[in-house]
Amino acid sequence: MEERVYAGCFTRAFGPEPDAGTPTVVLVHGLGLSGRYFVPLARRLARTGVTVLVPDLPGNARSRHTVRRMPDVEQTADALARWHRRLVPGPSLLVANSVGCQVAAALASHHPSLVDRLVLLGPALTPRVSAWRQGGRLLKDASREPLALIRMAAADYLLTGPLRFVASLRHALRDATVAFEGHLAGVTVPTLVVRGTGDTIASEAWVRRVTRLVADGRAADMAGAAHAAHYSTPDAVAELIERFAAGETP
(Lines give C-alpha, C1' and ligand atoms only; values in the text may rest on other atoms or scores of the structure.)
Protein backbone atom coordinates (compact mmCIF):
# COMPACT_ATOMS: atom_id res chain seq x y z
CA MET A 1 0.00 0.00 0.00
CA GLU A 2 1.17 3.51 -0.89
CA GLU A 3 -0.20 6.66 0.72
CA ARG A 4 -0.26 10.09 -0.93
CA VAL A 5 -2.27 13.31 -1.07
CA TYR A 6 -3.80 14.16 -4.45
CA ALA A 7 -6.05 17.14 -5.20
CA GLY A 8 -6.98 17.55 -1.55
CA CYS A 9 -7.67 13.86 -0.86
CA PHE A 10 -5.46 11.62 1.23
CA THR A 11 -5.26 8.49 -0.91
CA ARG A 12 -4.31 4.86 -0.37
CA ALA A 13 -3.09 3.14 -3.54
CA PHE A 14 -2.83 -0.61 -4.17
CA GLY A 15 -1.48 -2.48 -7.17
CA PRO A 16 0.25 -0.89 -10.18
CA GLU A 17 0.41 2.85 -10.86
CA PRO A 18 -2.70 4.21 -12.64
CA ASP A 19 -2.26 3.64 -16.35
CA ALA A 20 -4.50 3.78 -19.40
CA GLY A 21 -3.92 0.08 -20.00
CA THR A 22 -4.72 -1.04 -16.44
CA PRO A 23 -8.26 -1.19 -14.99
CA THR A 24 -8.77 1.13 -12.03
CA VAL A 25 -11.15 0.60 -9.11
CA VAL A 26 -12.05 3.55 -6.86
CA LEU A 27 -13.54 2.83 -3.41
CA VAL A 28 -15.70 5.53 -1.76
CA HIS A 29 -16.31 5.42 2.00
CA GLY A 30 -19.37 6.34 4.03
CA LEU A 31 -20.37 9.15 6.40
CA GLY A 32 -17.60 10.55 8.62
CA LEU A 33 -15.31 7.60 7.96
CA SER A 34 -12.01 7.05 6.19
CA GLY A 35 -11.01 4.59 3.50
CA ARG A 36 -9.40 2.32 6.10
CA TYR A 37 -12.34 -0.07 6.26
CA PHE A 38 -11.91 -0.71 2.52
CA VAL A 39 -8.31 -1.93 2.90
CA PRO A 40 -9.15 -5.69 3.06
CA LEU A 41 -11.23 -5.42 -0.12
CA ALA A 42 -8.63 -3.21 -1.83
CA ARG A 43 -5.85 -5.69 -1.14
CA ARG A 44 -7.94 -8.57 -2.43
CA LEU A 45 -8.89 -6.74 -5.64
CA ALA A 46 -5.32 -5.60 -6.27
CA ARG A 47 -4.10 -9.21 -6.25
CA THR A 48 -5.54 -9.61 -9.75
CA GLY A 49 -3.35 -6.80 -11.12
CA VAL A 50 -5.83 -3.92 -11.11
CA THR A 51 -5.11 -0.49 -9.64
CA VAL A 52 -7.19 0.25 -6.53
CA LEU A 53 -7.45 3.79 -5.14
CA VAL A 54 -9.08 4.60 -1.79
CA PRO A 55 -9.44 8.32 -0.97
CA ASP A 56 -10.50 9.93 2.28
CA LEU A 57 -13.15 12.33 1.02
CA PRO A 58 -12.62 16.07 1.64
CA GLY A 59 -13.31 17.02 5.25
CA ASN A 60 -13.11 13.42 6.48
CA ALA A 61 -10.42 11.71 8.56
CA ARG A 62 -6.97 12.36 7.04
CA SER A 63 -8.47 14.76 4.47
CA ARG A 64 -10.20 16.80 7.19
CA HIS A 65 -7.95 19.86 6.89
CA THR A 66 -8.21 20.17 3.10
CA VAL A 67 -11.46 22.15 3.30
CA ARG A 68 -12.63 24.89 5.66
CA ARG A 69 -16.28 23.87 5.58
CA MET A 70 -17.73 20.42 5.16
CA PRO A 71 -18.84 20.11 1.52
CA ASP A 72 -22.30 18.86 0.66
CA VAL A 73 -22.86 15.71 -1.39
CA GLU A 74 -22.68 17.37 -4.81
CA GLN A 75 -19.63 19.43 -3.82
CA THR A 76 -17.95 16.25 -2.60
CA ALA A 77 -18.78 14.51 -5.89
CA ASP A 78 -17.29 17.42 -7.85
CA ALA A 79 -14.14 17.34 -5.68
CA LEU A 80 -13.87 13.60 -6.23
CA ALA A 81 -14.24 14.19 -9.98
CA ARG A 82 -11.31 16.65 -9.92
CA TRP A 83 -9.26 14.13 -7.95
CA HIS A 84 -10.20 11.41 -10.45
CA ARG A 85 -9.20 13.48 -13.49
CA ARG A 86 -5.83 14.26 -11.96
CA LEU A 87 -5.02 10.70 -10.95
CA VAL A 88 -6.85 8.26 -13.24
CA PRO A 89 -6.24 8.34 -17.03
CA GLY A 90 -9.66 6.91 -17.96
CA PRO A 91 -13.00 5.82 -16.51
CA SER A 92 -12.95 3.62 -13.42
CA LEU A 93 -15.09 1.01 -11.74
CA LEU A 94 -16.55 3.02 -8.86
CA VAL A 95 -17.47 1.15 -5.66
CA ALA A 96 -19.21 2.95 -2.79
CA ASN A 97 -20.66 2.04 0.59
CA SER A 98 -23.49 3.59 2.59
CA VAL A 99 -23.67 7.40 2.26
CA GLY A 100 -20.73 7.13 -0.12
CA CYS A 101 -23.32 5.80 -2.55
CA GLN A 102 -24.94 9.25 -2.60
CA VAL A 103 -21.58 10.76 -3.61
CA ALA A 104 -21.03 8.03 -6.21
CA ALA A 105 -24.50 8.51 -7.70
CA ALA A 106 -23.94 12.27 -7.99
CA LEU A 107 -20.55 11.71 -9.62
CA ALA A 108 -21.84 9.11 -12.08
CA SER A 109 -24.80 11.35 -12.96
CA HIS A 110 -22.87 14.62 -13.38
CA HIS A 111 -19.52 13.24 -14.62
CA PRO A 112 -20.48 10.12 -16.62
CA SER A 113 -17.22 9.97 -18.57
CA LEU A 114 -15.35 9.11 -15.36
CA VAL A 115 -17.32 5.96 -14.52
CA ASP A 116 -17.29 2.71 -16.48
CA ARG A 117 -19.33 0.66 -14.00
CA LEU A 118 -20.84 1.35 -10.59
CA VAL A 119 -21.18 -0.85 -7.49
CA LEU A 120 -23.37 0.37 -4.61
CA LEU A 121 -22.85 -1.52 -1.34
CA GLY A 122 -25.71 -0.94 1.09
CA PRO A 123 -26.84 2.39 -0.45
CA ALA A 124 -27.91 4.94 2.17
CA LEU A 125 -29.57 7.14 3.25
CA THR A 126 -33.12 6.11 2.47
CA PRO A 127 -35.17 9.10 1.25
CA ARG A 128 -37.86 10.53 3.51
CA VAL A 129 -36.71 8.60 6.57
CA SER A 130 -36.04 10.78 9.63
CA ALA A 131 -32.62 11.21 11.20
CA TRP A 132 -33.88 9.46 14.35
CA ARG A 133 -34.97 6.38 12.41
CA GLN A 134 -31.75 6.36 10.42
CA GLY A 135 -29.80 6.54 13.69
CA GLY A 136 -31.78 3.68 15.16
CA ARG A 137 -31.03 1.55 12.11
CA LEU A 138 -27.32 2.37 12.45
CA LEU A 139 -27.23 1.33 16.11
CA LYS A 140 -29.04 -1.91 15.31
CA ASP A 141 -26.60 -2.67 12.49
CA ALA A 142 -23.57 -1.95 14.72
CA SER A 143 -24.40 -5.01 16.82
CA ARG A 144 -24.08 -7.17 13.68
CA GLU A 145 -20.71 -5.83 12.51
CA PRO A 146 -17.25 -7.14 13.52
CA LEU A 147 -15.91 -5.50 16.69
CA ALA A 148 -12.76 -4.44 14.82
CA LEU A 149 -14.90 -2.41 12.41
CA ILE A 150 -16.72 -0.66 15.27
CA ARG A 151 -13.40 0.34 16.83
CA MET A 152 -12.11 1.59 13.49
CA ALA A 153 -15.27 3.58 12.79
CA ALA A 154 -15.18 5.17 16.26
CA ALA A 155 -11.58 6.28 15.71
CA ASP A 156 -12.47 7.70 12.29
CA TYR A 157 -15.46 9.61 13.69
CA LEU A 158 -13.22 11.17 16.34
CA LEU A 159 -10.62 12.08 13.72
CA THR A 160 -13.22 13.69 11.46
CA GLY A 161 -14.68 15.47 14.47
CA PRO A 162 -18.23 15.80 15.79
CA LEU A 163 -19.00 19.16 14.16
CA ARG A 164 -17.94 17.98 10.72
CA PHE A 165 -19.79 14.70 11.22
CA VAL A 166 -23.02 16.53 12.08
CA ALA A 167 -22.57 18.84 9.08
CA SER A 168 -22.07 15.82 6.81
CA LEU A 169 -25.14 14.12 8.22
CA ARG A 170 -27.26 17.22 7.54
CA HIS A 171 -25.97 17.38 3.98
CA ALA A 172 -26.63 13.67 3.46
CA LEU A 173 -30.17 13.86 4.85
CA ARG A 174 -30.97 16.81 2.59
CA ASP A 175 -29.47 15.05 -0.44
CA ALA A 176 -31.50 11.92 0.32
CA THR A 177 -34.66 14.02 0.41
CA VAL A 178 -34.16 16.22 -2.64
CA ALA A 179 -31.53 14.74 -4.96
CA PHE A 180 -30.48 11.12 -4.37
CA GLU A 181 -33.22 9.47 -6.41
CA GLY A 182 -32.72 11.98 -9.21
CA HIS A 183 -28.99 11.26 -9.30
CA LEU A 184 -29.70 7.53 -9.40
CA ALA A 185 -32.08 8.06 -12.32
CA GLY A 186 -29.26 9.86 -14.12
CA VAL A 187 -26.86 6.91 -13.83
CA THR A 188 -26.51 5.27 -17.26
CA VAL A 189 -23.62 2.83 -16.68
CA PRO A 190 -24.16 -0.80 -15.61
CA THR A 191 -24.79 -0.76 -11.86
CA LEU A 192 -24.64 -3.53 -9.27
CA VAL A 193 -26.49 -2.96 -5.99
CA VAL A 194 -25.28 -5.22 -3.17
CA ARG A 195 -27.00 -5.72 0.18
CA GLY A 196 -25.87 -7.81 3.12
CA THR A 197 -28.79 -9.96 4.20
CA GLY A 198 -28.34 -8.68 7.77
CA ASP A 199 -28.23 -4.99 6.79
CA THR A 200 -30.66 -2.93 8.90
CA ILE A 201 -29.74 0.40 7.26
CA ALA A 202 -30.39 -0.29 3.56
CA SER A 203 -33.68 -2.19 3.47
CA GLU A 204 -34.49 -4.82 0.89
CA ALA A 205 -37.31 -2.65 -0.47
CA TRP A 206 -35.01 0.37 -0.87
CA VAL A 207 -32.32 -1.70 -2.61
CA ARG A 208 -34.95 -2.98 -5.07
CA ARG A 209 -35.98 0.63 -5.77
CA VAL A 210 -32.36 1.70 -6.32
CA THR A 211 -31.95 -1.14 -8.80
CA ARG A 212 -35.02 0.03 -10.71
CA LEU A 213 -34.04 3.72 -10.68
CA VAL A 214 -30.70 3.30 -12.47
CA ALA A 215 -30.82 2.65 -16.22
CA ASP A 216 -29.04 -0.72 -16.10
CA GLY A 217 -29.31 -2.11 -12.60
CA ARG A 218 -29.00 -5.53 -11.06
CA ALA A 219 -29.05 -6.63 -7.43
CA ALA A 220 -27.15 -9.19 -5.38
CA ASP A 221 -27.39 -10.34 -1.77
CA MET A 222 -24.40 -11.10 0.43
CA ALA A 223 -25.40 -13.83 2.87
CA GLY A 224 -24.25 -13.46 6.45
CA ALA A 225 -23.13 -9.84 6.05
CA ALA A 226 -24.54 -6.63 7.48
CA HIS A 227 -24.12 -3.05 6.19
CA ALA A 228 -20.35 -3.21 5.66
CA ALA A 229 -20.28 -6.43 3.65
CA HIS A 230 -17.01 -5.38 2.02
CA TYR A 231 -15.30 -5.47 5.43
CA SER A 232 -16.80 -8.62 6.91
CA THR A 233 -16.73 -10.67 3.67
CA PRO A 234 -14.07 -9.04 1.44
CA ASP A 235 -13.29 -12.16 -0.60
CA ALA A 236 -16.92 -12.79 -1.50
CA VAL A 237 -17.53 -9.12 -2.36
CA ALA A 238 -14.34 -9.02 -4.45
CA GLU A 239 -15.45 -12.08 -6.41
CA LEU A 240 -18.84 -10.48 -7.01
CA ILE A 241 -17.21 -7.26 -8.24
CA GLU A 242 -14.82 -9.16 -10.50
CA ARG A 243 -17.65 -11.11 -12.12
CA PHE A 244 -19.60 -7.91 -12.60
CA ALA A 245 -16.56 -6.16 -14.14
CA ALA A 246 -16.19 -9.08 -16.54
CA GLY A 247 -19.79 -8.64 -17.69
CA GLU A 248 -21.17 -11.69 -15.93
CA THR A 249 -24.63 -11.62 -14.34
CA PRO A 250 -24.39 -11.89 -10.52
# chains A, B, ... in the order shown; residues from 1 in each chain; ligands from 1
$ closest_atom_pairs --of "range 75-177 of chain A" --to "range 19-38 of chain A" --cutoff "7 Å" --atoms "only C-alpha atoms" --output "CSV"
residue,atom,partner,partner_atom,distance
A:Pro89,CA,A:Ala20,CA,5.4
A:Gly90,CA,A:Ala20,CA,6.2
A:Ser92,CA,A:Thr24,CA,5.1
A:Leu93,CA,A:Val25,CA,4.8
A:Leu94,CA,A:Val26,CA,5.0
A:Val95,CA,A:Leu27,CA,4.8
A:Ala96,CA,A:Val28,CA,4.5
A:Asn97,CA,A:Gly30,CA,5.7
A:Ser98,CA,A:Gly30,CA,5.2
A:Val99,CA,A:Gly30,CA,4.8
A:Gly100,CA,A:Gly30,CA,4.4
A:Ala153,CA,A:Leu33,CA,6.3
A:Asp156,CA,A:Leu33,CA,5.2
A:Tyr157,CA,A:Gly32,CA,5.6
A:Thr160,CA,A:Gly32,CA,6.1
A:Phe165,CA,A:Gly32,CA,5.4
A:Ser168,CA,A:Leu31,CA,6.9
$ write_last_selection --atoms "all heavy atoms" --output "tab-separated table (two decimals), in the first residue's frame"
chain	number	residue	atom	x	y	z
A	89	PRO	N	-6.26	7.94	-15.61
A	89	PRO	CA	-6.24	8.34	-17.03
A	89	PRO	C	-7.52	8.02	-17.81
A	89	PRO	O	-7.67	8.47	-18.93
A	89	PRO	CB	-5.06	7.55	-17.59
A	89	PRO	CG	-4.93	6.36	-16.70
A	89	PRO	CD	-5.34	6.83	-15.33
A	90	GLY	N	-8.43	7.27	-17.26
A	90	GLY	CA	-9.66	6.91	-17.96
A	90	GLY	C	-10.77	6.65	-16.97
A	90	GLY	O	-10.64	6.90	-15.77
A	92	SER	N	-13.24	4.65	-14.42
A	92	SER	CA	-12.95	3.62	-13.42
A	92	SER	C	-14.21	2.84	-13.06
A	92	SER	O	-15.33	3.25	-13.38
A	92	SER	CB	-12.38	4.25	-12.15
A	92	SER	OG	-13.35	5.08	-11.54
A	93	LEU	N	-14.00	1.73	-12.39
A	93	LEU	CA	-15.09	1.01	-11.74
A	93	LEU	C	-15.22	1.63	-10.35
A	93	LEU	O	-14.29	1.56	-9.55
A	93	LEU	CB	-14.79	-0.48	-11.66
A	93	LEU	CG	-15.94	-1.41	-11.26
A	93	LEU	CD1	-15.62	-2.85	-11.64
A	93	LEU	CD2	-16.26	-1.34	-9.78
A	94	LEU	N	-16.34	2.27	-10.10
A	94	LEU	CA	-16.55	3.02	-8.86
A	94	LEU	C	-17.36	2.17	-7.89
A	94	LEU	O	-18.45	1.71	-8.22
A	94	LEU	CB	-17.29	4.31	-9.18
A	94	LEU	CG	-17.43	5.37	-8.09
A	94	LEU	CD1	-16.07	5.88	-7.65
A	94	LEU	CD2	-18.29	6.53	-8.60
A	95	VAL	N	-16.82	1.96	-6.69
A	95	VAL	CA	-17.47	1.15	-5.66
A	95	VAL	C	-17.68	2.02	-4.43
A	95	VAL	O	-16.73	2.65	-3.94
A	95	VAL	CB	-16.60	-0.07	-5.28
A	95	VAL	CG1	-17.29	-0.91	-4.20
A	95	VAL	CG2	-16.29	-0.92	-6.50
A	96	ALA	N	-18.90	2.09	-3.93
A	96	ALA	CA	-19.21	2.95	-2.79
A	96	ALA	C	-20.02	2.20	-1.76
A	96	ALA	O	-20.76	1.27	-2.09
A	96	ALA	CB	-19.96	4.20	-3.24
A	97	ASN	N	-19.90	2.63	-0.51
A	97	ASN	CA	-20.66	2.04	0.59
A	97	ASN	C	-21.45	3.12	1.32
A	97	ASN	O	-20.98	4.23	1.50
A	97	ASN	CB	-19.70	1.36	1.57
A	97	ASN	CG	-20.40	0.92	2.87
A	97	ASN	OD1	-20.08	1.39	3.95
A	97	ASN	ND2	-21.36	0.02	2.77
A	98	SER	N	-22.67	2.77	1.72
A	98	SER	CA	-23.49	3.59	2.59
A	98	SER	C	-23.73	4.98	2.00
A	98	SER	O	-24.14	5.11	0.85
A	98	SER	CB	-22.85	3.67	3.98
A	98	SER	OG	-23.75	4.14	4.93
A	99	VAL	N	-23.47	6.05	2.75
A	99	VAL	CA	-23.67	7.40	2.26
A	99	VAL	C	-22.70	7.72	1.12
A	99	VAL	O	-22.96	8.61	0.31
A	99	VAL	CB	-23.55	8.42	3.42
A	99	VAL	CG1	-23.55	9.85	2.92
A	99	VAL	CG2	-24.70	8.21	4.41
A	100	GLY	N	-21.60	6.98	1.04
A	100	GLY	CA	-20.73	7.13	-0.12
A	100	GLY	C	-21.45	6.85	-1.42
A	100	GLY	O	-21.06	7.35	-2.48
A	153	ALA	N	-14.31	2.51	13.10
A	153	ALA	CA	-15.27	3.58	12.79
A	153	ALA	C	-15.26	4.65	13.89
A	153	ALA	O	-15.30	5.84	13.60
A	153	ALA	CB	-16.67	2.99	12.63
A	156	ASP	N	-12.29	6.82	13.44
A	156	ASP	CA	-12.47	7.70	12.29
A	156	ASP	C	-13.42	8.85	12.61
A	156	ASP	O	-13.20	10.00	12.20
A	156	ASP	CB	-12.99	6.91	11.09
A	156	ASP	CG	-11.93	6.06	10.43
A	156	ASP	OD1	-10.73	6.27	10.71
A	156	ASP	OD2	-12.29	5.17	9.65
A	157	TYR	N	-14.51	8.56	13.32
A	157	TYR	CA	-15.46	9.61	13.69
A	157	TYR	C	-14.78	10.68	14.54
A	157	TYR	O	-14.99	11.88	14.37
A	157	TYR	CB	-16.65	9.03	14.44
A	157	TYR	CG	-17.57	8.15	13.62
A	157	TYR	CD1	-18.23	7.07	14.20
A	157	TYR	CD2	-17.78	8.41	12.27
A	157	TYR	CE1	-19.08	6.26	13.45
A	157	TYR	CE2	-18.62	7.60	11.51
A	157	TYR	CZ	-19.27	6.53	12.11
A	157	TYR	OH	-20.10	5.74	11.36
A	160	THR	N	-12.44	12.74	12.26
A	160	THR	CA	-13.22	13.69	11.46
A	160	THR	C	-13.73	14.82	12.33
A	160	THR	O	-13.71	15.99	11.92
A	160	THR	CB	-14.39	12.97	10.77
A	160	THR	OG1	-13.86	11.99	9.86
A	160	THR	CG2	-15.29	13.94	10.02
A	165	PHE	N	-18.90	15.84	11.40
A	165	PHE	CA	-19.79	14.70	11.22
A	165	PHE	C	-21.25	15.16	11.15
A	165	PHE	O	-22.01	14.73	10.28
A	165	PHE	CB	-19.60	13.70	12.36
A	165	PHE	CG	-20.53	12.52	12.28
A	165	PHE	CD1	-20.19	11.41	11.53
A	165	PHE	CD2	-21.76	12.52	12.93
A	165	PHE	CE1	-21.04	10.32	11.43
A	165	PHE	CE2	-22.63	11.45	12.84
A	165	PHE	CZ	-22.27	10.34	12.09
A	168	SER	N	-21.94	16.82	7.88
A	168	SER	CA	-22.07	15.82	6.81
A	168	SER	C	-23.41	15.12	6.86
A	168	SER	O	-24.02	14.85	5.83
A	168	SER	CB	-20.95	14.78	6.93
A	168	SER	OG	-19.73	15.31	6.47
$ select_by_dssp --residues "range 137-187 of chain A" --states "alpha helix (DSSP H)" --output "PyMOL selection string"
chain A and resi 137-142+147-160+162-178+180-185
$ residues_around --residues "range 126-133 of chain A" --least-positions-apart "6" --cutoff "12 Å" --atoms "only C-alpha atoms" --output "number ranges by chain"
A: 98-99, 101-102, 139-140, 166, 169-182, 200-210
$ closest_residue --among "A:Arg151, A:Arg144, A:Arg117, A:Arg82" --to "Ala215 in chain A" --atoms "only C-alpha atoms"
A:Arg117
$ atom_distance --atom1 "CA of Ala229 in chain A" --atom2 "CA of Tyr6 in chain A"
27.6 Å
$ residues_around --residues "Arg64 in chain A" --least-positions-apart "2" --cutoff "12 Å" --atoms "only C-alpha atoms" --output "number ranges by chain"
A: 5, 8-10, 32-34, 55-62, 66-71, 156-165, 168
$ select_by_dssp --residues "range 12-211 of chain A" --states "strand (DSSP E)" --output "PyMOL selection string"
chain A and resi 12-14+24-28+51-55+92-97+115-121+190-196
$ atom_distance --atom1 "CA of Val88 in chain A" --atom2 "CA of Leu118 in chain A"
15.8 Å
$ closest_residue --among "A:Gln134, A:Thr76, A:Ser109, A:Thr197" --to "His227 in chain A" --atoms "only C-alpha atoms"
A:Thr197
